[in-house]
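J.: Supplied in structure tokens, the structure appears directly below.
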Amino acid sequence: SVPAPVNLRTDQVTQSSFRGTWDHGAPDVALYRVTWGPYGGIEKLETILNGDENTMIFENLTPDTLYEVAVTAIYPDESESDDLIGSARTLAIVPATPPPVLKSGPRNLQVYNATSSSLTVKWDPASGRVQRYRITYRPTAGDGPEQSTTVGGRQNSVVLQKLRADTPYSVTVSSLYADGEGGQMTGRGKTKGRGTLEDYLGCDKGFALVEDPQ
């Protein structure tokens, strides 16, 4: 039999390619036939190189796959050597690690601007991409149902209405993200008693006494 190429080695391995290099088995090789494909598979690709070449880049490969390579020397009289066999595994695709989601609860919760039926709630925004805030509230004494409302993640205040007069309320604001709650903060406020000037006039409206003409 005619001399076969020797010393097949692979390097420059990526997720979709690698390089194969071999040494000539004899000086008078006419051509090399190179075949390659997934190890144990039926599908093989084939190419013919000139006899003075001894390296080839294998491309468009599947990641994390073992490939088998065979190099055959063909001589001027068309006699063929035994195959020189080698193998290489392409690199696996490493999934990109998503950045950690910044999350926190709201800060500096304030309950103010009380009337006999409403309280204004304001807070400093939580960190990151808040989808919405949930505001839950109930009389501090626990003698009423807990109620809740939500506002968009860009909002940082809400007016709670239809509250009982002269009643302390506990108010909790929670920051809600795509993957759950980020935190919460609780504050307290108290509605005013009925009969205050604000109830009759609304906010900051002036008034004048008009004498009834006799």
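In the structure tokens, chains take the letters A, B, ... in the order shown, each chain's residues start at 1, and ligands count up from 1 in the order shown.
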Hey, what's within 8 Å of segment 93-95 of chain A if we count only C-alpha atoms and toss same-chain stuff fewer than 2 positions away? As a ChimeraX atom specification, please?

T.: /A:15,63-64,91,97

J.: Report as a VMD selection string all protein, DNA and RNA residues lying within 12 Å of segment 107-123 of chain A, evaluated on only C-alpha atoms, omitting residues in the same chain fewer than 4 positions from it.

T.: chain A and resid 127 133 to 138 149 151 153 to 175 182 to 203

J.: Which neighbours of segment 73-76 of chain A fall inside 8 Å, counting only C-alpha atoms, when residues of the same chain fewer than 3 positions from it are skipped, and could you give them as a PyMOL selection string?

T.: chain A and resi 3-5+28-33+51+79-83

J.: Those same residues - N, CA and C atoms - I'd like them written as a JSON list (two decimals), in the first residue's frame.

T.:
[["chain", "number", "residue", "atom", "x", "y", "z"],
["A", 3, "PRO", "N", 2.03, 5.20, 0.97],
["A", 3, "PRO", "CA", 2.11, 5.87, 2.27],
["A", 3, "PRO", "C", 0.91, 6.78, 2.53],
["A", 4, "ALA", "N", 0.42, 6.75, 3.75],
["A", 4, "ALA", "CA", -0.69, 7.61, 4.19],
["A", 4, "ALA", "C", -0.12, 8.87, 4.84],
["A", 5, "PRO", "N", -0.90, 9.95, 4.86],
["A", 5, "PRO", "CA", -0.48, 11.12, 5.64],
["A", 5, "PRO", "C", -0.41, 10.75, 7.12],
["A", 28, "ASP", "N", 5.46, 12.68, -3.20],
["A", 28, "ASP", "CA", 4.86, 12.67, -4.54],
["A", 28, "ASP", "C", 3.34, 12.52, -4.52],
["A", 29, "VAL", "N", 2.68, 13.02, -3.42],
["A", 29, "VAL", "CA", 1.21, 12.96, -3.36],
["A", 29, "VAL", "C", 0.63, 13.91, -4.39],
["A", 30, "ALA", "N", -0.38, 13.44, -5.15],
["A", 30, "ALA", "CA", -1.02, 14.29, -6.17],
["A", 30, "ALA", "C", -2.16, 15.10, -5.57],
["A", 31, "LEU", "N", -3.01, 14.45, -4.79],
["A", 31, "LEU", "CA", -4.19, 15.09, -4.20],
["A", 31, "LEU", "C", -4.45, 14.53, -2.81],
["A", 32, "TYR", "N", -5.18, 15.28, -2.02],
["A", 32, "TYR", "CA", -5.73, 14.77, -0.76],
["A", 32, "TYR", "C", -7.26, 14.83, -0.83],
["A", 33, "ARG", "N", -7.87, 13.74, -0.45],
["A", 33, "ARG", "CA", -9.32, 13.77, -0.26],
["A", 33, "ARG", "C", -9.60, 13.88, 1.24],
["A", 51, "GLY", "N", -1.94, 18.20, -3.65],
["A", 51, "GLY", "CA", -1.04, 17.36, -2.86],
["A", 51, "GLY", "C", -0.02, 18.13, -2.05],
["A", 79, "SER", "N", -3.59, 5.52, -7.13],
["A", 79, "SER", "CA", -3.67, 4.66, -5.94],
["A", 79, "SER", "C", -3.94, 5.53, -4.72],
["A", 80, "GLU", "N", -4.66, 4.94, -3.75],
["A", 80, "GLU", "CA", -5.07, 5.69, -2.55],
["A", 80, "GLU", "C", -4.49, 5.05, -1.29],
["A", 81, "SER", "N", -4.12, 5.91, -0.35],
["A", 81, "SER", "CA", -3.58, 5.43, 0.93],
["A", 81, "SER", "C", -4.73, 5.05, 1.87],
["A", 82, "ASP", "N", -4.36, 4.47, 2.97],
["A", 82, "ASP", "CA", -5.34, 4.32, 4.06],
["A", 82, "ASP", "C", -5.73, 5.71, 4.57],
["A", 83, "ASP", "N", -6.87, 5.77, 5.22],
["A", 83, "ASP", "CA", -7.33, 7.05, 5.79],
["A", 83, "ASP", "C", -6.56, 7.38, 7.06]]

J.: Which residue, A:Glu78, A:Asp23, A:Asp143, A:Glu68, has the smallest gap to Thr55 of chain A when you use only C-alpha atoms?

T.: A:Asp23

J.: List as a tab-separated table every residue of segment 86-115 of chain A that is in contact with segment 35-48 of chain A, defined as an atom at most 12 Å from one of its atoms (using only C-alpha atoms), together with the nearest atom pair and the distance in Å rounded to one decimal, sorted by chain and then rising number.

T.:
residue	atom	partner	partner_atom	distance
A:Gly86	CA	A:Trp36	CA	9.5
A:Ser87	CA	A:Tyr39	CA	8.0
A:Ala88	CA	A:Tyr39	CA	9.3
A:Arg89	CA	A:Pro38	CA	9.2
A:Thr90	CA	A:Pro38	CA	10.3

J.: Pull the helix (DSSP H, G or I) assignments for segment 50-204 of chain A out of DSSP run on the backbone, and list those residues as a list of chain:residue names.

T.: A:Leu197, A:Glu198, A:Asp199, A:Tyr200, A:Leu201

J.: Could you write out that same residue set with all heavy atoms as a PDB file, in the first residue's frame?

T.:
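Result went into selection27.pdb, see below:
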ATOM      1  N   LEU A 197     -63.506  73.415  57.118  1.00  0.00           N
ATOM      2  CA  LEU A 197     -63.706  74.366  56.029  1.00  0.00           C
ATOM      3  C   LEU A 197     -63.458  73.718  54.663  1.00  0.00           C
ATOM      4  O   LEU A 197     -64.156  73.978  53.694  1.00  0.00           O
ATOM      5  CB  LEU A 197     -62.743  75.551  56.232  1.00  0.00           C
ATOM      6  CG  LEU A 197     -63.059  76.835  55.467  1.00  0.00           C
ATOM      7  CD1 LEU A 197     -64.441  77.333  55.815  1.00  0.00           C
ATOM      8  CD2 LEU A 197     -62.011  77.879  55.784  1.00  0.00           C
ATOM      9  N   GLU A 198     -62.452  72.800  54.623  1.00  0.00           N
ATOM     10  CA  GLU A 198     -62.127  72.172  53.329  1.00  0.00           C
ATOM     11  C   GLU A 198     -63.313  71.397  52.763  1.00  0.00           C
ATOM     12  O   GLU A 198     -63.505  71.303  51.559  1.00  0.00           O
ATOM     13  CB  GLU A 198     -60.933  71.215  53.478  1.00  0.00           C
ATOM     14  CG  GLU A 198     -59.608  71.912  53.730  1.00  0.00           C
ATOM     15  CD  GLU A 198     -59.283  71.968  55.206  1.00  0.00           C
ATOM     16  OE1 GLU A 198     -60.236  72.134  55.992  1.00  0.00           O
ATOM     17  OE2 GLU A 198     -58.099  71.863  55.551  1.00  0.00           O
ATOM     18  N   ASP A 199     -64.111  70.801  53.671  1.00  0.00           N
ATOM     19  CA  ASP A 199     -65.247  70.021  53.184  1.00  0.00           C
ATOM     20  C   ASP A 199     -66.255  70.890  52.461  1.00  0.00           C
ATOM     21  O   ASP A 199     -66.872  70.482  51.476  1.00  0.00           O
ATOM     22  CB  ASP A 199     -65.942  69.305  54.343  1.00  0.00           C
ATOM     23  CG  ASP A 199     -65.090  68.158  54.858  1.00  0.00           C
ATOM     24  OD1 ASP A 199     -64.386  67.551  54.044  1.00  0.00           O
ATOM     25  OD2 ASP A 199     -65.131  67.884  56.063  1.00  0.00           O
ATOM     26  N   TYR A 200     -66.452  72.080  52.982  1.00  0.00           N
ATOM     27  CA  TYR A 200     -67.453  72.943  52.358  1.00  0.00           C
ATOM     28  C   TYR A 200     -66.922  73.610  51.094  1.00  0.00           C
ATOM     29  O   TYR A 200     -67.658  73.860  50.155  1.00  0.00           O
ATOM     30  CB  TYR A 200     -67.890  74.035  53.346  1.00  0.00           C
ATOM     31  CG  TYR A 200     -68.654  73.455  54.519  1.00  0.00           C
ATOM     32  CD1 TYR A 200     -68.152  73.568  55.803  1.00  0.00           C
ATOM     33  CD2 TYR A 200     -69.859  72.792  54.313  1.00  0.00           C
ATOM     34  CE1 TYR A 200     -68.839  73.029  56.878  1.00  0.00           C
ATOM     35  CE2 TYR A 200     -70.554  72.245  55.385  1.00  0.00           C
ATOM     36  CZ  TYR A 200     -70.054  72.368  56.675  1.00  0.00           C
ATOM     37  OH  TYR A 200     -70.717  71.838  57.725  1.00  0.00           O
ATOM     38  N   LEU A 201     -65.651  73.917  51.092  1.00  0.00           N
ATOM     39  CA  LEU A 201     -65.141  74.766  50.016  1.00  0.00           C
ATOM     40  C   LEU A 201     -64.339  74.014  48.965  1.00  0.00           C
ATOM     41  O   LEU A 201     -64.075  74.545  47.910  1.00  0.00           O
ATOM     42  CB  LEU A 201     -64.236  75.860  50.603  1.00  0.00           C
ATOM     43  CG  LEU A 201     -64.919  76.758  51.629  1.00  0.00           C
ATOM     44  CD1 LEU A 201     -63.902  77.725  52.166  1.00  0.00           C
ATOM     45  CD2 LEU A 201     -66.080  77.496  50.995  1.00  0.00           C
TER      46      LEU A 201
END

J.: Which of segment 18-205 of chain A end up as strand (DSSP E or B) when DSSP is run on this backbone - answer as an MDAnalysis selection string?

T.: chainID A and resid 18:23 31:38 45:50 55:58 66:74 80 84:89 107:112 119:124 132:139 147:152 157:160 168:177 180:190

J.: To one decimal in Å, tell me the separation between atom CA of Gly105 of chain A and atom CA of Ser148 of chain A.

T.: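 Separating atom CA of Gly105 of chain A from atom CA of Ser148 of chain A is a distance of 17.0 Å.
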
J.: Would you compute the distance between atom CA of Leu66 of chain A and atom CA of Leu84 of chain A? Give it in Å to one decimal.

T.: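 Separation of atom CA of Leu66 of chain A and atom CA of Leu84 of chain A: 16.7 Å.
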